[in-house]
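Chemist: The structure file work13.cif (mmCIF, C-alpha atoms (C1' of nucleotides)) is provided below.
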data_start
loop_
_atom_site.label_atom_id
_atom_site.label_comp_id
_atom_site.auth_asym_id
_atom_site.auth_seq_id
_atom_site.Cartn_x
_atom_site.Cartn_y
_atom_site.Cartn_z
CA MET V 1 46.86 -185.42 95.53
CA LYS V 2 43.51 -185.11 97.26
CA VAL V 3 41.23 -185.93 94.37
CA LYS V 4 42.29 -188.74 92.13
CA THR V 5 43.42 -187.80 88.65
CA ARG V 6 40.85 -190.03 87.03
CA GLU V 7 38.11 -188.13 88.78
CA ARG V 8 39.64 -184.77 87.90
CA ILE V 9 39.74 -185.77 84.25
CA LEU V 10 36.06 -186.59 84.29
CA SER V 11 35.05 -183.40 85.97
CA ALA V 12 37.23 -181.17 83.77
CA SER V 13 35.98 -182.95 80.67
CA LEU V 14 32.38 -182.44 81.69
CA ALA V 15 32.96 -178.73 82.28
CA LEU V 16 34.75 -178.28 78.95
CA PHE V 17 32.24 -180.37 77.02
CA ASN V 18 29.37 -178.30 78.35
CA GLU V 19 31.11 -175.03 77.69
CA LEU V 20 32.63 -175.66 74.28
CA GLY V 21 30.72 -178.63 72.94
CA GLU V 22 32.15 -182.13 73.02
CA PRO V 23 33.40 -182.16 69.41
CA ASN V 24 35.40 -178.99 70.05
CA VAL V 25 37.19 -180.39 73.07
CA THR V 26 40.40 -182.32 72.35
CA THR V 27 42.16 -184.65 74.73
CA LEU V 28 45.04 -182.17 74.61
CA LEU V 29 42.79 -179.38 75.84
CA ILE V 30 41.58 -181.51 78.72
CA SER V 31 45.09 -182.44 79.82
CA ASP V 32 46.22 -178.83 79.42
CA GLU V 33 43.39 -177.67 81.64
CA LEU V 34 44.51 -180.06 84.37
CA ASP V 35 48.24 -179.46 83.86
CA ILE V 36 48.86 -183.10 83.16
CA SER V 37 50.35 -184.66 80.07
CA PRO V 38 48.24 -186.18 77.32
CA GLY V 39 50.00 -189.47 78.01
CA ASN V 40 48.77 -189.38 81.55
CA LEU V 41 45.23 -188.84 80.39
CA TYR V 42 45.51 -191.88 78.15
CA TYR V 43 46.80 -193.89 81.07
CA HIS V 44 43.47 -193.34 82.81
CA PHE V 45 41.19 -193.54 79.78
CA ARG V 46 41.97 -195.57 76.70
CA SER V 47 40.12 -193.10 74.48
CA LYS V 48 38.14 -189.91 74.47
CA GLY V 49 35.08 -192.02 73.83
CA ASP V 50 35.65 -193.79 77.14
CA ILE V 51 35.43 -190.46 78.93
CA VAL V 52 32.21 -189.59 77.13
CA THR V 53 30.80 -193.03 77.87
CA GLU V 54 31.59 -192.83 81.56
CA LEU V 55 30.03 -189.38 81.85
CA PHE V 56 27.01 -190.67 80.03
CA GLU V 57 26.69 -193.54 82.49
CA ARG V 58 26.70 -191.15 85.39
CA PHE V 59 23.97 -189.12 83.73
CA GLN V 60 22.05 -192.31 83.13
CA ASP V 61 22.26 -193.25 86.81
CA GLU V 62 21.11 -189.81 87.91
CA ILE V 63 18.16 -189.84 85.56
CA HIS V 64 17.32 -193.40 86.45
CA ASP V 65 17.00 -192.53 90.14
CA LEU V 66 15.02 -189.42 89.41
CA LEU V 67 12.56 -191.22 87.13
CA ALA V 68 11.93 -194.10 89.51
CA ILE V 69 8.34 -193.00 89.95
CA PRO V 70 5.95 -195.41 91.69
CA ASP V 71 2.82 -196.39 89.77
CA ASP V 72 0.51 -194.93 92.36
CA VAL V 73 2.43 -191.72 93.02
CA GLN V 74 0.46 -188.79 94.44
CA VAL V 75 1.98 -185.44 93.49
CA ASP V 76 0.58 -181.99 93.99
CA LEU V 77 1.51 -179.26 91.57
CA GLU V 78 4.18 -177.81 93.80
CA GLN V 79 5.91 -181.17 93.95
CA LEU V 80 5.55 -181.59 90.22
CA ALA V 81 7.29 -178.28 89.64
CA PHE V 82 10.07 -179.32 91.99
CA PHE V 83 10.46 -182.62 90.16
CA LEU V 84 10.74 -180.73 86.87
CA HIS V 85 13.35 -178.51 88.42
CA LEU V 86 15.48 -181.50 89.42
CA LEU V 87 15.04 -183.00 85.97
CA PHE V 88 16.13 -179.83 84.21
CA GLU V 89 19.08 -179.56 86.55
CA SER V 90 20.26 -183.08 85.81
CA ILE V 91 20.01 -182.48 82.12
CA ALA V 92 21.76 -179.13 82.42
CA ARG V 93 24.66 -180.78 84.22
CA TYR V 94 25.16 -183.02 81.20
CA ARG V 95 23.87 -180.66 78.58
CA PHE V 96 26.75 -181.38 76.19
CA LEU V 97 24.96 -184.65 75.39
CA TYR V 98 21.89 -182.79 74.18
CA GLN V 99 23.53 -179.93 72.39
CA ASP V 100 25.00 -182.09 69.65
CA LEU V 101 22.85 -185.12 70.13
CA VAL V 102 22.81 -186.51 66.61
CA ASN V 103 26.53 -185.99 66.23
CA ILE V 104 27.36 -187.65 69.55
CA LEU V 105 25.06 -190.59 69.02
CA SER V 106 26.46 -191.14 65.54
CA ARG V 107 30.08 -191.09 66.70
CA TYR V 108 29.51 -193.14 69.85
CA GLU V 109 27.06 -195.74 68.66
CA ASN V 110 27.30 -197.63 71.94
CA LEU V 111 25.22 -194.87 73.55
CA GLN V 112 22.29 -195.00 71.16
CA LYS V 113 20.23 -197.73 72.76
CA ALA V 114 20.69 -196.42 76.27
CA PHE V 115 19.82 -192.92 75.21
CA ARG V 116 16.61 -194.01 73.61
CA ALA V 117 15.80 -195.93 76.78
CA ILE V 118 16.17 -192.70 78.75
CA LEU V 119 13.72 -190.98 76.42
CA ASP V 120 11.23 -193.80 76.86
CA ARG V 121 11.69 -193.63 80.60
CA LYS V 122 10.99 -189.93 80.57
CA GLU V 123 7.83 -190.34 78.55
CA SER V 124 6.59 -193.12 80.85
CA GLY V 125 7.37 -190.94 83.85
CA PHE V 126 5.30 -188.10 82.47
CA ARG V 127 2.49 -190.53 81.81
CA LEU V 128 2.47 -191.61 85.45
CA LEU V 129 2.49 -188.01 86.59
CA CYS V 130 -0.42 -187.14 84.30
CA GLN V 131 -2.35 -190.10 85.65
CA SER V 132 -1.68 -188.92 89.18
CA LEU V 133 -3.03 -185.48 88.33
CA GLU V 134 -6.06 -187.09 86.74
CA ARG V 135 -6.79 -189.15 89.86
CA GLN V 136 -6.84 -185.88 91.78
CA GLN V 137 -9.19 -184.32 89.21
CA LEU V 138 -6.58 -181.67 88.53
CA ILE V 139 -6.46 -182.46 84.85
CA ARG V 140 -8.63 -184.22 82.32
CA LEU V 141 -7.12 -185.83 79.23
CA ASN V 142 -8.22 -188.43 76.76
CA GLU V 143 -5.73 -190.93 75.37
CA THR V 144 -4.80 -188.98 72.26
CA GLN V 145 -4.20 -185.86 74.29
CA THR V 146 -2.08 -187.73 76.81
CA ASP V 147 0.09 -189.20 74.06
CA ALA V 148 0.68 -185.86 72.39
CA LEU V 149 1.26 -184.06 75.67
CA CYS V 150 3.73 -186.59 77.07
CA ARG V 151 5.65 -186.61 73.84
CA GLN V 152 5.73 -182.84 73.85
CA LEU V 153 6.93 -182.82 77.45
CA THR V 154 9.67 -185.31 76.65
CA MET V 155 10.85 -183.26 73.73
CA THR V 156 10.77 -180.07 75.72
CA VAL V 157 12.93 -181.34 78.58
CA CYS V 158 15.38 -182.64 75.98
CA TYR V 159 15.80 -179.54 73.93
CA TRP V 160 14.71 -176.60 76.03
CA SER V 161 18.15 -175.82 77.38
CA SER V 162 19.73 -175.97 73.93
CA PHE V 163 17.03 -173.76 72.54
CA ASP V 164 17.34 -171.33 75.40
CA SER V 165 21.11 -171.15 75.02
CA LEU V 166 20.76 -170.01 71.40
CA ARG V 167 19.97 -166.57 72.81
CA ASP V 168 23.60 -166.04 73.72
CA LEU V 169 26.00 -168.65 72.52
CA LYS V 170 28.82 -166.64 74.04
CA ASP V 171 28.11 -167.50 77.64
CA ARG V 172 27.79 -171.25 77.79
CA ARG V 173 29.07 -171.64 81.33
CA GLN V 174 25.67 -171.42 82.98
CA ALA V 175 22.30 -172.88 82.20
CA ASN V 176 19.05 -171.75 83.75
CA PRO V 177 16.80 -174.69 84.60
CA GLY V 178 14.08 -172.43 85.98
CA ARG V 179 13.06 -171.14 82.58
CA GLY V 180 12.48 -174.72 81.49
CA VAL V 181 10.20 -175.39 84.43
CA TYR V 182 8.26 -172.25 83.53
CA GLN V 183 7.87 -173.41 79.97
CA VAL V 184 6.73 -176.91 80.89
CA LEU V 185 4.19 -175.66 83.41
CA HIS V 186 2.73 -173.52 80.66
CA LEU V 187 2.33 -176.65 78.57
CA LEU V 188 0.13 -178.14 81.27
CA MET V 189 -1.76 -174.95 82.03
CA PRO V 190 -4.45 -175.03 79.32
CA HIS V 191 -5.46 -178.53 80.43
CA LEU V 192 -6.22 -177.42 83.99
CA PRO V 193 -9.43 -176.04 85.47
CA GLN V 194 -9.55 -172.25 85.96
CA GLN V 195 -8.73 -172.02 89.67
CA VAL V 196 -5.87 -174.51 89.37
CA GLN V 197 -4.49 -172.49 86.47
CA HIS V 198 -4.04 -169.52 88.76
CA GLU V 199 -2.21 -171.65 91.28
CA VAL V 200 0.16 -173.01 88.63
CA LEU V 201 0.66 -169.55 87.20
CA ALA V 202 1.87 -168.40 90.61
CA ILE V 203 4.23 -171.35 90.92
CA SER V 204 5.56 -170.79 87.41
CA GLN V 205 6.36 -167.15 88.20
CA ASP V 206 8.68 -168.30 90.99
CA TYR V 207 10.65 -170.35 88.52
CA ARG V 208 10.82 -167.74 85.85
CA MET Y 1 27.54 -181.34 31.40
CA LYS Y 2 23.88 -180.45 31.85
CA VAL Y 3 23.93 -179.28 35.45
CA LYS Y 4 26.83 -177.13 36.45
CA THR Y 5 29.38 -178.68 38.79
CA ARG Y 6 28.95 -175.94 41.35
CA GLU Y 7 25.28 -176.76 41.61
CA ARG Y 8 25.93 -180.48 41.80
CA ILE Y 9 28.34 -179.91 44.66
CA LEU Y 10 25.71 -178.01 46.60
CA SER Y 11 23.03 -180.59 46.09
CA ALA Y 12 25.27 -183.57 46.89
CA SER Y 13 26.55 -181.79 49.98
CA LEU Y 14 23.05 -181.10 51.19
CA ALA Y 15 22.06 -184.73 50.76
CA LEU Y 16 25.15 -186.01 52.55
CA PHE Y 17 24.91 -183.45 55.34
CA ASN Y 18 21.32 -184.43 56.01
CA GLU Y 19 22.05 -188.12 55.92
CA LEU Y 20 25.34 -188.31 57.82
CA GLY Y 21 25.49 -185.05 59.73
CA GLU Y 22 27.59 -182.13 58.52
CA PRO Y 23 30.58 -182.83 60.80
CA ASN Y 24 30.83 -186.37 59.46
CA VAL Y 25 30.96 -185.30 55.83
CA THR Y 26 34.42 -184.49 54.45
CA THR Y 27 35.17 -182.60 51.29
CA LEU Y 28 36.71 -185.82 50.01
CA LEU Y 29 33.44 -187.67 50.52
CA ILE Y 30 31.56 -185.01 48.62
CA SER Y 31 33.93 -185.09 45.68
CA ASP Y 32 33.94 -188.90 45.69
CA GLU Y 33 30.17 -188.92 45.55
CA LEU Y 34 30.27 -186.73 42.44
CA ASP Y 35 33.26 -188.47 40.86
CA ILE Y 36 35.21 -185.27 40.74
CA SER Y 37 38.57 -184.51 42.33
CA PRO Y 38 38.91 -182.71 45.65
CA GLY Y 39 40.90 -180.06 43.78
CA ASN Y 40 37.94 -179.45 41.54
CA LEU Y 41 35.67 -179.02 44.52
CA TYR Y 42 38.04 -176.42 45.92
CA TYR Y 43 38.04 -174.64 42.61
CA HIS Y 44 34.32 -174.01 43.06
CA PHE Y 45 34.30 -173.41 46.81
CA ARG Y 46 37.21 -172.00 48.74
CA SER Y 47 36.26 -173.98 51.83
CA LYS Y 48 33.77 -176.42 53.25
CA GLY Y 49 32.40 -173.54 55.29
CA ASP Y 50 31.52 -171.74 52.06
CA ILE Y 51 29.36 -174.67 51.04
CA VAL Y 52 27.62 -174.68 54.39
CA THR Y 53 27.14 -170.94 54.24
CA GLU Y 54 25.64 -171.01 50.77
CA LEU Y 55 23.24 -173.79 51.72
CA PHE Y 56 22.29 -171.84 54.79
CA GLU Y 57 21.56 -168.78 52.68
CA ARG Y 58 19.22 -170.78 50.50
CA PHE Y 59 17.42 -172.03 53.56
CA GLN Y 60 17.24 -168.49 54.85
CA ASP Y 61 15.65 -167.30 51.60
CA GLU Y 62 13.08 -170.11 51.64
CA ILE Y 63 12.14 -169.42 55.23
CA HIS Y 64 12.05 -165.71 54.62
CA ASP Y 65 9.51 -166.08 51.84
CA LEU Y 66 7.44 -168.51 53.86
CA LEU Y 67 7.34 -166.28 56.91
CA ALA Y 68 6.42 -163.12 55.04
CA ILE Y 69 3.05 -163.03 56.79
CA PRO Y 70 0.99 -159.86 56.47
CA ASP Y 71 -0.06 -158.16 59.73
CA ASP Y 72 -3.74 -158.58 59.01
CA VAL Y 73 -3.60 -162.16 57.69
CA GLN Y 74 -6.79 -164.20 57.88
CA VAL Y 75 -6.13 -167.93 58.13
CA ASP Y 76 -8.51 -170.74 58.80
CA LEU Y 77 -7.30 -173.85 60.55
CA GLU Y 78 -6.90 -175.81 57.36
CA GLN Y 79 -4.62 -173.13 55.95
CA LEU Y 80 -2.70 -172.99 59.19
CA ALA Y 81 -2.03 -176.71 59.02
CA PHE Y 82 -0.87 -176.34 55.42
CA PHE Y 83 1.44 -173.50 56.40
CA LEU Y 84 2.91 -175.68 59.14
CA HIS Y 85 3.39 -178.44 56.61
CA LEU Y 86 5.38 -176.16 54.32
CA LEU Y 87 7.42 -174.93 57.26
CA PHE Y 88 8.29 -178.44 58.41
CA GLU Y 89 9.18 -179.35 54.85
CA SER Y 90 11.55 -176.43 54.48
CA ILE Y 91 13.24 -177.28 57.73
CA ALA Y 92 13.42 -180.96 56.84
CA ARG Y 93 15.15 -180.10 53.56
CA TYR Y 94 17.91 -178.41 55.57
CA ARG Y 95 17.65 -180.53 58.68
CA PHE Y 96 21.43 -180.92 58.97
CA LEU Y 97 21.47 -177.37 60.32
CA TYR Y 98 19.20 -178.31 63.20
CA GLN Y 99 20.60 -181.70 64.04
CA ASP Y 100 23.92 -180.36 65.27
CA LEU Y 101 22.90 -176.79 65.79
CA VAL Y 102 25.24 -175.79 68.59
CA ASN Y 103 28.17 -177.44 66.88
CA ILE Y 104 27.48 -175.81 63.54
CA LEU Y 105 26.89 -172.36 64.97
CA SER Y 106 30.06 -172.60 67.02
CA ARG Y 107 32.21 -173.62 64.06
CA TYR Y 108 30.63 -171.21 61.59
CA GLU Y 109 30.19 -168.12 63.68
CA ASN Y 110 29.13 -166.09 60.67
CA LEU Y 111 25.78 -167.92 60.74
CA GLN Y 112 24.89 -167.14 64.34
CA LYS Y 113 23.23 -163.79 63.91
CA ALA Y 114 21.24 -164.81 60.87
CA PHE Y 115 20.10 -167.98 62.57
CA ARG Y 116 18.84 -166.13 65.56
CA ALA Y 117 17.04 -163.77 63.23
CA ILE Y 118 15.24 -166.75 61.70
CA LEU Y 119 14.11 -167.87 65.14
CA ASP Y 120 12.80 -164.40 65.90
CA ARG Y 121 11.03 -164.35 62.60
CA LYS Y 122 9.39 -167.65 63.33
CA GLU Y 123 8.19 -166.50 66.71
CA SER Y 124 6.80 -163.28 65.25
CA GLY Y 125 5.08 -165.28 62.56
CA PHE Y 126 3.38 -167.49 65.10
CA ARG Y 127 2.33 -164.39 66.99
CA LEU Y 128 0.61 -163.01 63.90
CA LEU Y 129 -1.11 -166.31 63.29
CA CYS Y 130 -2.35 -166.48 66.87
CA GLN Y 131 -3.69 -162.97 66.56
CA SER Y 132 -5.50 -163.95 63.39
CA LEU Y 133 -7.12 -166.89 65.17
CA GLU Y 134 -8.07 -164.58 68.01
CA ARG Y 135 -9.75 -162.12 65.67
CA GLN Y 136 -11.86 -165.01 64.41
CA GLN Y 137 -12.71 -166.02 68.00
CA LEU Y 138 -11.12 -169.38 67.36
CA ILE Y 139 -8.73 -169.04 70.23
CA ARG Y 140 -8.49 -166.95 73.37
CA LEU Y 141 -5.10 -166.17 74.91
CA ASN Y 142 -3.78 -163.60 77.32
CA GLU Y 143 -0.34 -162.11 76.83
CA THR Y 144 1.52 -164.56 79.06
CA GLN Y 145 -0.09 -167.51 77.35
CA THR Y 146 0.71 -166.13 73.91
CA ASP Y 147 4.36 -165.66 74.83
CA ALA Y 148 4.74 -169.16 76.21
CA LEU Y 149 2.81 -170.73 73.34
CA CYS Y 150 4.70 -168.94 70.57
CA ARG Y 151 8.00 -169.82 72.16
CA GLN Y 152 6.90 -173.42 72.45
CA LEU Y 153 5.82 -173.45 68.81
CA THR Y 154 9.15 -172.01 67.72
CA MET Y 155 11.06 -174.60 69.69
CA THR Y 156 8.91 -177.40 68.37
CA VAL Y 157 9.38 -176.57 64.70
CA CYS Y 158 13.13 -176.33 65.37
CA TYR Y 159 13.65 -179.60 67.12
CA TRP Y 160 10.76 -181.84 66.26
CA SER Y 161 12.41 -183.51 63.31
CA SER Y 162 15.61 -184.17 65.27
CA PHE Y 163 13.62 -185.57 68.12
CA ASP Y 164 11.56 -187.71 65.82
CA SER Y 165 14.63 -189.05 64.06
CA LEU Y 166 16.03 -190.36 67.33
CA ARG Y 167 13.61 -193.25 66.97
CA ASP Y 168 15.74 -194.77 64.26
CA LEU Y 169 19.07 -193.13 63.65
CA LYS Y 170 19.79 -195.74 61.00
CA ASP Y 171 17.50 -194.39 58.35
CA ARG Y 172 18.30 -190.71 58.05
CA ARG Y 173 17.43 -190.40 54.39
CA GLN Y 174 13.83 -189.44 54.95
CA ALA Y 175 12.08 -187.09 57.31
CA ASN Y 176 8.35 -187.03 57.95
CA PRO Y 177 7.03 -183.47 58.21
CA GLY Y 178 3.48 -184.68 58.82
CA ARG Y 179 4.18 -185.90 62.32
CA GLY Y 180 5.44 -182.44 63.19
CA VAL Y 181 2.23 -180.82 61.96
CA TYR Y 182 0.28 -183.30 64.07
CA GLN Y 183 2.32 -182.43 67.13
CA VAL Y 184 1.98 -178.67 66.67
CA LEU Y 185 -1.76 -178.85 66.12
CA HIS Y 186 -2.03 -180.70 69.41
CA LEU Y 187 -0.20 -177.80 71.05
CA LEU Y 188 -2.97 -175.48 69.92
CA MET Y 189 -5.81 -177.85 70.65
CA PRO Y 190 -6.36 -177.21 74.37
CA HIS Y 191 -6.71 -173.49 73.70
CA LEU Y 192 -9.60 -173.97 71.29
CA PRO Y 193 -13.32 -174.18 71.99
CA GLN Y 194 -14.83 -177.68 72.01
CA GLN Y 195 -16.34 -177.79 68.53
CA VAL Y 196 -13.21 -176.32 66.94
CA GLN Y 197 -11.14 -178.94 68.73
CA HIS Y 198 -12.95 -181.67 66.87
CA GLU Y 199 -12.32 -179.96 63.59
CA VAL Y 200 -8.59 -179.65 64.31
CA LEU Y 201 -8.45 -183.21 65.55
CA ALA Y 202 -9.76 -184.35 62.18
CA ILE Y 203 -7.23 -182.23 60.33
CA SER Y 204 -4.41 -183.50 62.52
CA GLN Y 205 -5.31 -187.12 61.78
CA ASP Y 206 -4.73 -186.48 58.09
CA TYR Y 207 -1.21 -185.36 58.83
CA ARG Y 208 -0.37 -188.15 61.19
"C1'" DG P 1 51.20 -192.62 87.87
"C1'" DT P 2 53.27 -189.44 85.26
"C1'" DC P 3 56.24 -187.56 81.78
"C1'" DT P 4 58.29 -186.60 76.92
"C1'" DA P 5 58.49 -187.79 72.45
"C1'" DT P 6 56.50 -189.61 68.59
"C1'" DA P 7 53.57 -192.41 65.57
"C1'" DT P 8 49.22 -192.54 62.98
"C1'" DT P 9 45.60 -190.90 60.67
"C1'" DA P 10 42.74 -187.94 58.36
"C1'" DA P 11 40.79 -183.65 57.23
"C1'" DG P 12 41.10 -179.15 54.97
"C1'" DA P 13 43.35 -176.85 51.55
"C1'" DT P 14 46.83 -175.45 47.65
"C1'" DA P 15 49.99 -175.75 43.40
"C1'" DG P 16 50.73 -176.60 39.00
"C1'" DA P 17 49.97 -179.57 34.87
"C1'" DC P 18 46.55 -180.51 31.32
"C1'" DG U 1 37.21 -176.60 34.70
"C1'" DT U 2 39.36 -180.45 36.04
"C1'" DC U 3 43.05 -183.46 37.45
"C1'" DT U 4 47.06 -185.35 40.35
"C1'" DA U 5 50.09 -184.67 43.77
"C1'" DT U 6 51.21 -182.64 47.90
"C1'" DC U 7 51.27 -179.55 51.92
"C1'" DT U 8 49.64 -178.30 56.52
"C1'" DT U 9 47.57 -178.89 60.54
"C1'" DA U 10 45.70 -181.04 64.25
"C1'" DA U 11 43.64 -184.72 66.71
"C1'" DT U 12 43.85 -189.45 68.65
"C1'" DA U 13 46.71 -192.52 70.51
"C1'" DT U 14 51.14 -195.22 71.85
"C1'" DA U 15 56.04 -196.25 73.54
"C1'" DG U 16 59.30 -196.10 76.71
"C1'" DA U 17 61.86 -193.47 80.27
"C1'" DC U 18 61.45 -191.90 85.07
#
Could you take the file, read its structure, and then write that structure out as structure tokens?
Modeler:
Amino acid sequence: MKVKTRERILSASLALFNELGEPNVTTLLISDELDISPGNLYYHFRSKGDIVTELFERFQDEIHDLLAIPDDVQVDLEQLAFFLHLLFESIARYRFLYQDLVNILSRYENLQKAFRAILDRKESGFRLLCQSLERQQLIRLNETQTDALCRQLTMTVCYWSSFDSLRDLKDRRQANPGRGVYQVLHLLMPHLPQQVQHEVLAISQDYR
Amino acid sequence: MKVKTRERILSASLALFNELGEPNVTTLLISDELDISPGNLYYHFRSKGDIVTELFERFQDEIHDLLAIPDDVQVDLEQLAFFLHLLFESIARYRFLYQDLVNILSRYENLQKAFRAILDRKESGFRLLCQSLERQQLIRLNETQTDALCRQLTMTVCYWSSFDSLRDLKDRRQANPGRGVYQVLHLLMPHLPQQVQHEVLAISQDYR
DNA sequence: GTCTATATTAAGATAGAC
DNA sequence: GTCTATCTTAATATAGAC
């Protein structure tokens, strides 16, 4: 017994949730997957909701660390792309949350407030990053534009992977965070000066 | 018995699906709402899936008509905004489909192909509209930009209303298509020449 | 900590009377 | 067309032995 059962339950649940969708995964399926009894599973978690909640908390911690952006951050475009990559990866690791968001938040009401806080945190993060680009004269936005852009960015990181996975719902094992980075960079592109656009275009091709 | 029961079932189901989420609505709840027996409901529809499928087909018809855009369409920006408004309204009327998309498509596999076709149709529609704007010199896009933009537009009309409704999950009765139009117009904005931007900004304020 | 067996609940669906 | 009564299935969860 190298890895504790509790931990194995969490990791198997996460894999199954992502692959099949959380509502389609029963506690029986999870215990089957691990070759343990359903009773054993319920010894470690008092309910399926507790598993979901604990996974959510781990996601929350990850995202919290990632979005701890200092007010005076200086990022170049390469670093920005890398940040986006990490963000899309985090979200992809817990993509089951996003794929049936309304359903999950309505069945596990305890997650609603925290989830909204994550969205707010994302939008604030994008705002800081835009400001950093502005300080470097890499971008020029008025307030209205910033609002719309940051909201659009927040929505895109939320839903891109779900949208992308509609192409083939068969193969849900993998997600491709690179395509998301590509898409987001193209959201910024039209706001950049000509020569910077070419630079970003080159970066975006790498992520494609 | 003015309105036929079958029709009443469809319309009550749609309302409940949109408000509570399709997975949270049981056949019993639907029949309760209409003060008919569950047996009666099953006389009219052989399964809950049949109700979902029929509602989907109505949505499909609506969207099909709306997206029947001629190749050589000429639209000004006002008309474009109005088109977006109609599109967001159609989607809002059947928003239950989008709010738990992965879940619904995985449980009703018969809808997958048709749903993907709708997405393709949307993207093609946006492509035609972009081309129309280009012919009028209102916008200037290369091929890469057009691809990224049309994909972004498609994703936005899909998920905007879900995203917007995360603000307050309590009140799911209403959706506000105007905010979506605003958001989409701001996606186009940076691609437009200065003076046109002001015009679109004014239009977008009306929809806010 | 883990198992087997079982209770509980609820949803989807059907049968047969009216 | 509509009702009542009931069946079937399956998921969440618990009890008690090992």
Chemist: Can you tell me which residues surround region 114-123 of chain Y at a distance of at most 10 Å, considering only C-alpha atoms (C1' of nucleotides), apart from same-chain residues fewer than 4 positions away, and format the answer as a compact mmCIF listing (two decimals) with C-alpha atoms, in the frame of the given file?
Modeler:
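The result, written out as out23.txt:
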# COMPACT_ATOMS: atom_id res chain seq x y z
CA PHE V 163 17.03 -173.76 72.54
CA LEU V 166 20.76 -170.01 71.40
CA ARG V 167 19.97 -166.57 72.81
CA ASP V 168 23.60 -166.04 73.72
CA PHE Y 56 22.29 -171.84 54.79
CA GLU Y 57 21.56 -168.78 52.68
CA PHE Y 59 17.42 -172.03 53.56
CA GLN Y 60 17.24 -168.49 54.85
CA ILE Y 63 12.14 -169.42 55.23
CA HIS Y 64 12.05 -165.71 54.62
CA LEU Y 66 7.44 -168.51 53.86
CA LEU Y 67 7.34 -166.28 56.91
CA ALA Y 68 6.42 -163.12 55.04
CA ILE Y 69 3.05 -163.03 56.79
CA LEU Y 87 7.42 -174.93 57.26
CA LEU Y 97 21.47 -177.37 60.32
CA LEU Y 101 22.90 -176.79 65.79
CA LEU Y 105 26.89 -172.36 64.97
CA GLU Y 109 30.19 -168.12 63.68
CA ASN Y 110 29.13 -166.09 60.67
CA ARG Y 127 2.33 -164.39 66.99
CA LEU Y 128 0.61 -163.01 63.90
CA LEU Y 129 -1.11 -166.31 63.29
CA ASP Y 147 4.36 -165.66 74.83
CA LEU Y 149 2.81 -170.73 73.34
CA CYS Y 150 4.70 -168.94 70.57
CA ARG Y 151 8.00 -169.82 72.16
CA GLN Y 152 6.90 -173.42 72.45
CA LEU Y 153 5.82 -173.45 68.81
CA THR Y 154 9.15 -172.01 67.72
CA MET Y 155 11.06 -174.60 69.69
CA VAL Y 157 9.38 -176.57 64.70
CA CYS Y 158 13.13 -176.33 65.37
Chemist: Quick check on the file I pasted: which residues fall under the PyMOL selection byres ((chain U) within 10 of (chain Y))? Write them as a list of chain:residue names.
Modeler: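 Given this file, the PyMOL selection byres ((chain U) within 10 of (chain Y)) evaluates to U:DG1, U:DT2, U:DC3, U:DT4.
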Chemist: Quick one: everything within 12 Å of Ile9 (chain Y), counting all atoms listed in the file, minus sequence neighbours fewer than 2 positions away in the same chain. Send it as a ChimeraX atom specification.
Modeler: /Y:3-7,11-17,27-38,40-45,48,50-52,54-55
Chemist: Go ahead and save the residues from that selection, with C-alpha atoms, as a compact mmCIF listing (two decimals), keeping the file's coordinate frame.
Modeler:
# COMPACT_ATOMS: atom_id res chain seq x y z
CA VAL Y 3 23.93 -179.28 35.45
CA LYS Y 4 26.83 -177.13 36.45
CA THR Y 5 29.38 -178.68 38.79
CA ARG Y 6 28.95 -175.94 41.35
CA GLU Y 7 25.28 -176.76 41.61
CA SER Y 11 23.03 -180.59 46.09
CA ALA Y 12 25.27 -183.57 46.89
CA SER Y 13 26.55 -181.79 49.98
CA LEU Y 14 23.05 -181.10 51.19
CA ALA Y 15 22.06 -184.73 50.76
CA LEU Y 16 25.15 -186.01 52.55
CA PHE Y 17 24.91 -183.45 55.34
CA THR Y 27 35.17 -182.60 51.29
CA LEU Y 28 36.71 -185.82 50.01
CA LEU Y 29 33.44 -187.67 50.52
CA ILE Y 30 31.56 -185.01 48.62
CA SER Y 31 33.93 -185.09 45.68
CA ASP Y 32 33.94 -188.90 45.69
CA GLU Y 33 30.17 -188.92 45.55
CA LEU Y 34 30.27 -186.73 42.44
CA ASP Y 35 33.26 -188.47 40.86
CA ILE Y 36 35.21 -185.27 40.74
CA SER Y 37 38.57 -184.51 42.33
CA PRO Y 38 38.91 -182.71 45.65
CA ASN Y 40 37.94 -179.45 41.54
CA LEU Y 41 35.67 -179.02 44.52
CA TYR Y 42 38.04 -176.42 45.92
CA TYR Y 43 38.04 -174.64 42.61
CA HIS Y 44 34.32 -174.01 43.06
CA PHE Y 45 34.30 -173.41 46.81
CA LYS Y 48 33.77 -176.42 53.25
CA ASP Y 50 31.52 -171.74 52.06
CA ILE Y 51 29.36 -174.67 51.04
CA VAL Y 52 27.62 -174.68 54.39
CA GLU Y 54 25.64 -171.01 50.77
CA LEU Y 55 23.24 -173.79 51.72
Chemist: Just give me the gap between CA of Gln79 (chain V) and CA of Glu143 (chain Y) in Å, one decimal is fine.
Modeler: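 Computing the Euclidean distance for CA of Gln79 (chain V) and CA of Glu143 (chain Y) yields 26.4 Å.
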Chemist: Using all atoms listed in the file, determine which residues of chain Y fall within 6 Å of chain V; present them as a list in words.
Modeler: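 Filtering chain Y at 6 Å from chain V with all atoms listed in the file gives Gln99, Asp100, Val102 and Pro190 of chain Y.
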Chemist: Evaluating the PyMOL selection byres ((chain P) within 10 of (chain Y)) on the displayed file yields which residues, as a list in words?
Modeler: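 Checking the PyMOL selection byres ((chain P) within 10 of (chain Y)) against this file, the residues are DA10, DA11, DG12, DA13 and DT14 of chain P.
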